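Colleague: This is the content of final08.cif (mmCIF, C-alpha atoms):
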data_target
loop_
_atom_site.group_PDB
_atom_site.id
_atom_site.type_symbol
_atom_site.label_atom_id
_atom_site.label_comp_id
_atom_site.auth_asym_id
_atom_site.auth_seq_id
_atom_site.Cartn_x
_atom_site.Cartn_y
_atom_site.Cartn_z
ATOM 1 C CA MET A 13 40.145 2.379 -0.106
ATOM 2 C CA LEU A 14 38.435 4.280 -2.907
ATOM 3 C CA LEU A 15 39.726 3.717 -6.429
ATOM 4 C CA ALA A 16 39.365 6.365 -9.124
ATOM 5 C CA GLY A 17 40.900 7.494 -12.392
ATOM 6 C CA ASP A 18 44.369 6.194 -13.244
ATOM 7 C CA ALA A 19 44.627 4.370 -9.903
ATOM 8 C CA TRP A 20 41.512 2.363 -10.775
ATOM 9 C CA ARG A 21 42.800 1.493 -14.229
ATOM 10 C CA ALA A 22 46.239 0.455 -12.918
ATOM 11 C CA PHE A 23 44.639 -1.619 -10.177
ATOM 12 C CA PHE A 24 42.235 -3.243 -12.628
ATOM 13 C CA ASP A 25 44.923 -4.050 -15.185
ATOM 14 C CA SER A 26 47.068 -5.750 -12.540
ATOM 15 C CA PHE A 27 44.885 -8.846 -12.152
ATOM 16 C CA GLU A 28 46.790 -12.027 -12.930
ATOM 17 C CA GLN A 29 44.221 -14.678 -13.876
ATOM 18 C CA GLU A 30 40.569 -13.617 -13.750
ATOM 19 C CA ALA A 31 38.415 -10.533 -13.426
ATOM 20 C CA PHE A 32 34.710 -11.129 -12.757
ATOM 21 C CA ARG A 33 31.877 -8.606 -12.613
ATOM 22 C CA LEU A 34 28.394 -9.035 -11.217
ATOM 23 C CA GLU A 35 25.986 -6.457 -12.627
ATOM 24 C CA VAL A 36 22.495 -6.071 -11.211
ATOM 25 C CA ARG A 37 21.245 -2.672 -12.388
ATOM 26 C CA SER A 38 18.913 -2.054 -15.305
ATOM 27 C CA HIS A 39 20.430 1.376 -15.955
ATOM 28 C CA TYR A 40 23.857 2.943 -15.586
ATOM 29 C CA ALA A 41 24.420 6.666 -16.145
ATOM 30 C CA MET A 42 28.003 6.793 -17.347
ATOM 31 C CA PRO A 43 29.107 10.253 -18.570
ATOM 32 C CA GLY A 44 31.369 8.841 -21.295
ATOM 33 C CA GLU A 45 28.477 6.859 -22.790
ATOM 34 C CA GLU A 46 25.775 9.524 -22.919
ATOM 35 C CA GLU A 47 26.264 10.635 -26.540
ATOM 36 C CA GLU A 48 26.581 7.040 -27.778
ATOM 37 C CA TYR A 49 23.528 6.022 -25.737
ATOM 38 C CA GLN A 50 21.406 8.855 -27.125
ATOM 39 C CA GLU A 51 22.451 7.930 -30.670
ATOM 40 C CA PHE A 52 21.491 4.307 -29.989
ATOM 41 C CA LEU A 53 18.078 5.413 -28.721
ATOM 42 C CA ALA A 54 17.565 7.480 -31.877
ATOM 43 C CA THR A 55 18.777 4.881 -34.391
ATOM 44 C CA GLY A 56 18.674 1.499 -32.661
ATOM 45 C CA GLU A 57 22.232 0.935 -33.855
ATOM 46 C CA LEU A 58 25.587 0.881 -32.120
ATOM 47 C CA HIS A 59 28.949 1.035 -33.839
ATOM 48 C CA ILE A 60 32.062 0.628 -31.709
ATOM 49 C CA ASP A 61 35.475 1.030 -33.325
ATOM 50 C CA ALA A 62 37.862 -1.912 -33.140
ATOM 51 C CA ASP A 63 40.413 0.287 -31.363
ATOM 52 C CA ASP A 64 37.935 1.173 -28.593
ATOM 53 C CA ARG A 65 39.792 1.462 -25.285
ATOM 54 C CA TRP A 66 37.794 -1.239 -23.463
ATOM 55 C CA LEU A 67 37.863 -3.696 -26.360
ATOM 56 C CA THR A 68 41.615 -3.215 -26.720
ATOM 57 C CA ARG A 69 42.072 -3.939 -23.034
ATOM 58 C CA VAL A 70 39.905 -7.080 -23.221
ATOM 59 C CA ARG A 71 41.888 -8.382 -26.198
ATOM 60 C CA ASN A 72 45.110 -7.709 -24.278
ATOM 61 C CA TYR A 73 43.864 -9.593 -21.226
ATOM 62 C CA ARG A 74 42.979 -12.570 -23.399
ATOM 63 C CA ALA A 75 46.270 -12.415 -25.326
ATOM 64 C CA THR A 76 48.150 -12.626 -22.029
ATOM 65 C CA GLY A 77 46.114 -15.641 -20.875
ATOM 66 C CA ARG A 78 43.831 -13.778 -18.487
ATOM 67 C CA ARG A 79 40.066 -14.318 -18.315
ATOM 68 C CA ILE A 80 37.534 -11.535 -18.001
ATOM 69 C CA GLY A 81 33.818 -11.972 -17.657
ATOM 70 C CA ARG A 82 30.589 -10.756 -16.222
ATOM 71 C CA VAL A 83 27.097 -11.893 -15.394
ATOM 72 C CA HIS A 84 24.295 -9.391 -15.768
ATOM 73 C CA VAL A 85 21.278 -10.237 -13.610
ATOM 74 C CA LEU A 86 18.072 -8.822 -15.036
ATOM 75 C CA THR A 87 14.313 -9.053 -15.403
ATOM 76 C CA ARG A 88 12.272 -8.318 -18.499
ATOM 77 C CA PRO A 89 11.144 -6.202 -20.123
ATOM 78 C CA LEU A 90 14.586 -4.886 -20.947
ATOM 79 C CA SER A 91 15.135 -1.222 -20.191
ATOM 80 C CA ASP A 92 16.337 1.020 -23.008
ATOM 81 C CA TYR A 93 19.715 1.035 -21.319
ATOM 82 C CA LEU A 94 19.895 -2.776 -21.265
ATOM 83 C CA ARG A 95 19.046 -2.881 -24.967
ATOM 84 C CA TYR A 96 21.963 -0.481 -25.515
ATOM 85 C CA GLU A 97 24.215 -2.516 -23.253
ATOM 86 C CA PHE A 98 23.289 -5.705 -25.114
ATOM 87 C CA ALA A 99 24.394 -4.034 -28.363
ATOM 88 C CA ALA A 100 27.732 -3.266 -26.679
ATOM 89 C CA TYR A 101 28.013 -6.781 -25.249
ATOM 90 C CA ALA A 102 28.179 -8.205 -28.761
ATOM 91 C CA TYR A 103 31.431 -6.275 -29.256
ATOM 92 C CA ASN A 104 32.734 -7.314 -25.816
ATOM 93 C CA VAL A 105 32.145 -10.985 -26.602
ATOM 94 C CA GLU A 106 33.887 -10.648 -29.956
ATOM 95 C CA ALA A 107 36.889 -9.146 -28.149
ATOM 96 C CA GLY A 108 37.030 -12.152 -25.787
ATOM 97 C CA GLU A 109 34.986 -11.183 -22.751
ATOM 98 C CA ASP A 110 32.760 -13.921 -21.303
ATOM 99 C CA VAL A 111 29.451 -12.080 -20.999
ATOM 100 C CA ARG A 112 26.595 -14.056 -19.454
ATOM 101 C CA ILE A 113 22.960 -13.252 -18.699
ATOM 102 C CA LEU A 114 20.924 -14.389 -15.710
ATOM 103 C CA ASP A 115 17.259 -13.636 -16.411
ATOM 104 C CA LEU A 116 15.198 -13.764 -13.219
ATOM 105 C CA THR A 117 11.907 -12.778 -14.850
ATOM 106 C CA GLY A 118 9.178 -14.567 -12.924
ATOM 107 C CA LYS A 119 11.732 -16.260 -10.653
ATOM 108 C CA GLU A 120 12.923 -15.782 -7.099
ATOM 109 C CA ASN A 121 16.384 -14.360 -6.578
ATOM 110 C CA PRO A 122 18.562 -17.423 -5.888
ATOM 111 C CA GLY A 123 20.492 -15.583 -3.182
ATOM 112 C CA LEU A 124 22.557 -13.101 -5.167
ATOM 113 C CA PRO A 125 23.269 -9.646 -3.736
ATOM 114 C CA ASP A 126 21.598 -6.485 -4.954
ATOM 115 C CA GLN A 127 24.966 -4.846 -5.572
ATOM 116 C CA ASP A 128 27.535 -4.705 -8.331
ATOM 117 C CA PHE A 129 31.072 -5.821 -7.681
ATOM 118 C CA TRP A 130 34.289 -6.828 -9.399
ATOM 119 C CA MET A 131 36.299 -9.754 -8.058
ATOM 120 C CA PHE A 132 39.911 -10.162 -9.132
ATOM 121 C CA ASP A 133 41.741 -13.484 -8.973
ATOM 122 C CA GLY A 134 39.142 -14.768 -6.497
ATOM 123 C CA SER A 135 40.869 -12.853 -3.739
ATOM 124 C CA THR A 136 40.155 -9.133 -4.116
ATOM 125 C CA VAL A 137 36.746 -7.453 -4.230
ATOM 126 C CA VAL A 138 35.802 -3.967 -5.361
ATOM 127 C CA ASP A 139 32.310 -2.764 -4.445
ATOM 128 C CA MET A 140 30.805 -0.697 -7.242
ATOM 129 C CA ARG A 141 28.565 2.050 -5.840
ATOM 130 C CA TYR A 142 25.762 3.831 -7.677
ATOM 131 C CA ARG A 143 23.052 6.370 -6.986
ATOM 132 C CA PRO A 144 19.468 5.271 -7.686
ATOM 133 C CA ASP A 145 19.658 6.989 -11.109
ATOM 134 C CA GLY A 146 22.610 4.777 -12.102
ATOM 135 C CA THR A 147 25.338 7.390 -11.633
ATOM 136 C CA GLN A 148 28.497 5.802 -10.302
ATOM 137 C CA ILE A 149 29.572 7.360 -7.018
ATOM 138 C CA GLY A 150 32.584 5.253 -6.250
ATOM 139 C CA ARG A 151 34.594 2.048 -6.279
ATOM 140 C CA GLU A 152 35.730 0.738 -2.935
ATOM 141 C CA LEU A 153 38.402 -1.897 -2.487
ATOM 142 C CA LEU A 154 36.988 -3.943 0.380
ATOM 143 C CA LYS A 155 39.491 -4.559 3.168
ATOM 144 C CA ASN A 156 38.287 -7.867 4.591
ATOM 145 C CA PRO A 157 35.473 -9.184 2.412
ATOM 146 C CA ASP A 158 33.964 -12.597 3.055
ATOM 147 C CA LEU A 159 35.741 -14.184 0.082
ATOM 148 C CA ASP A 160 33.849 -17.450 0.414
ATOM 149 C CA LEU A 161 30.581 -15.522 0.053
ATOM 150 C CA TYR A 162 31.781 -13.513 -2.964
ATOM 151 C CA ARG A 163 33.121 -16.667 -4.619
ATOM 152 C CA HIS A 164 29.778 -18.363 -3.934
ATOM 153 C CA TRP A 165 27.932 -15.443 -5.571
ATOM 154 C CA ARG A 166 30.277 -15.578 -8.562
ATOM 155 C CA ASP A 167 29.916 -19.325 -8.978
ATOM 156 C CA LEU A 168 26.139 -19.256 -8.511
ATOM 157 C CA ALA A 169 25.701 -16.434 -11.024
ATOM 158 C CA VAL A 170 27.836 -18.230 -13.614
ATOM 159 C CA GLU A 171 26.116 -21.574 -13.015
ATOM 160 C CA LEU A 172 22.591 -20.147 -13.436
ATOM 161 C CA SER A 173 23.353 -17.839 -16.354
ATOM 162 C CA VAL A 174 23.660 -18.444 -20.066
ATOM 163 C CA PRO A 175 26.278 -17.110 -22.468
ATOM 164 C CA PHE A 176 25.201 -13.830 -24.028
ATOM 165 C CA ALA A 177 25.115 -15.381 -27.515
ATOM 166 C CA GLU A 178 22.536 -17.938 -26.311
ATOM 167 C CA TYR A 179 20.241 -15.489 -24.526
ATOM 168 C CA SER A 180 16.991 -14.385 -26.101
ATOM 169 C CA ALA A 181 14.937 -11.670 -24.406
ATOM 170 C CA ASP A 182 11.853 -12.594 -26.455
#
Represent the structure from my file as structure tokens, please.
Modeller:
Amino acid sequence: MLLAGDAWRAFFDSFEQEAFRLEVRSHYAMPGEEEEYQEFLATGELHIDADDRWLTRVRNYRATGRRIGRVHVLTRPLSDYLRYEFAAYAYNVEAGEDVRILDLTGKENPGLPDQDFWMFDGSTVVDMRYRPDGTQIGRELLKNPDLDLYRHWRDLAVELSVPFAEYSAD
């Protein structure tokens, strides 16, 4: 089942305990970010308003006792997009999102997939699909995913990663 627009948001907001994201790309081409991204490239600065839609949602999840987090798997040097995303992550963390970094520079992949996904409450998986240029082409609610495998990937990524605030790309 493909999830888009309001259906995606309603589905996402319905998780009860935990939402987890595995991110593996070094660039995402999100239409709503393009202007902000270009400004970041020009100035090296990012300013996100406190009433930003995502940050408001994260604060709401936390206020209702729900956890939200992600692990971004990467290798250095950081792409321009990752530098931009790191600037945004600082705001996400402040809002209550558990953002973690797994730097595999000079290391073997420990067995994580080369795909992005969201897992909700450890029991529902949404495959995030992208073109090679980072443009999102869809979100698919998987019908019968191997939940043990997805939970293993989640747990492994969290175990091997560090909190965003502790990561240094130097």
Colleague: Might you spell out which residues the PyMOL selection byres ((chain A and resi 159-170) around 10) would select in the displayed file, as number ranges by chain?
Modeller: A: 32-34, 81-85, 111-114, 122-125, 129-131, 134-137, 156-158, 171-175
Colleague: Name the residues in contact with Phe23 (chain A) at a cut-off of 12 Å, using only C-alpha atoms, excluding same-chain residues fewer than 6 positions from it; report them as a PyMOL selection string.
Modeller: chain A and resi 13-17+31+130-132+136-138+151-153
Colleague: When the PyMOL selection byres ((chain A and resi 62-67) around 9) is applied to the file above, which residues end up in the set, as a list in words?
Modeller: Ile60, Asp61, Thr68, Arg69, Val70, Arg71, Asn72, Tyr103, Asn104, Glu106, Ala107, Gly108 and Glu109 of chain A
Colleague: Please compute the CA of Thr147 (chain A)-CA of Asp128 (chain A) distance, one decimal, in Å.
Modeller: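 Taking CA of Thr147 (chain A) and CA of Asp128 (chain A), their separation equals 12.7 Å.
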Colleague: With all atoms listed in the file as the basis for distance, which of A:Tyr101, A:Ile80, A:Met42, A:Leu90 is at the shortest distance from His59 (chain A)?
Modeller: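 Nearest candidate to His59 (chain A) out of A:Tyr101, A:Ile80, A:Met42, A:Leu90: A:Tyr101.
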Colleague: Would you please work out which residue, of A:Asp110, A:Tyr179, A:Gly150, A:Thr76, is nearest to Trp20 (chain A) when using all atoms listed in the file?
Modeller: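 Going through A:Asp110, A:Tyr179, A:Gly150, A:Thr76 one by one, the smallest distance to Trp20 (chain A) is for A:Gly150.
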Colleague: Mind giving me the straight-line distance from CA of Thr117 (chain A) to CA of Arg88 (chain A) in Å, one decimal?
Modeller: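 A separation of 5.8 Å between them.
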Colleague: How far is it from CA of Gln148 (chain A) to CA of Tyr40 (chain A), in Å with one decimal?
Modeller: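 Pair CA of Gln148 (chain A) / CA of Tyr40 (chain A) returns 7.6 Å.
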Colleague: Using only C-alpha atoms, which residue out of A:Asp92, A:Asp18, A:Asp126, A:Glu30 lies closest to Arg78 (chain A)?
Modeller: A:Glu30
Colleague: Write out as a ChimeraX atom specification each polymer residue whose atoms come within 10 Å of region 93-95 of chain A, counting all atoms listed in the file; drop sequence neighbours fewer than 5 positions from it.
Modeller: /A:37-41,49-50,52-53,56,84,86,88,100-101,181
Colleague: Can you report as lines of an AutoDock Vina configuration file the centre and edge lengths in Å, to one decimal, of an axis-aligned box around the listed atoms of region 112-120 of chain A padded with 8 Å on each side?
Modeller:
center_x = 17.9
center_y = -14.5
center_z = -13.3
size_x = 33.4
size_y = 19.5
size_z = 28.4
Colleague: Which one of A:Glu35, A:Glu97, A:Asp133, A:Leu116 sits closest to Glu48 (chain A) if you count all atoms listed in the file?
Modeller: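 Smallest distance to Glu48 (chain A) is found for A:Glu97.
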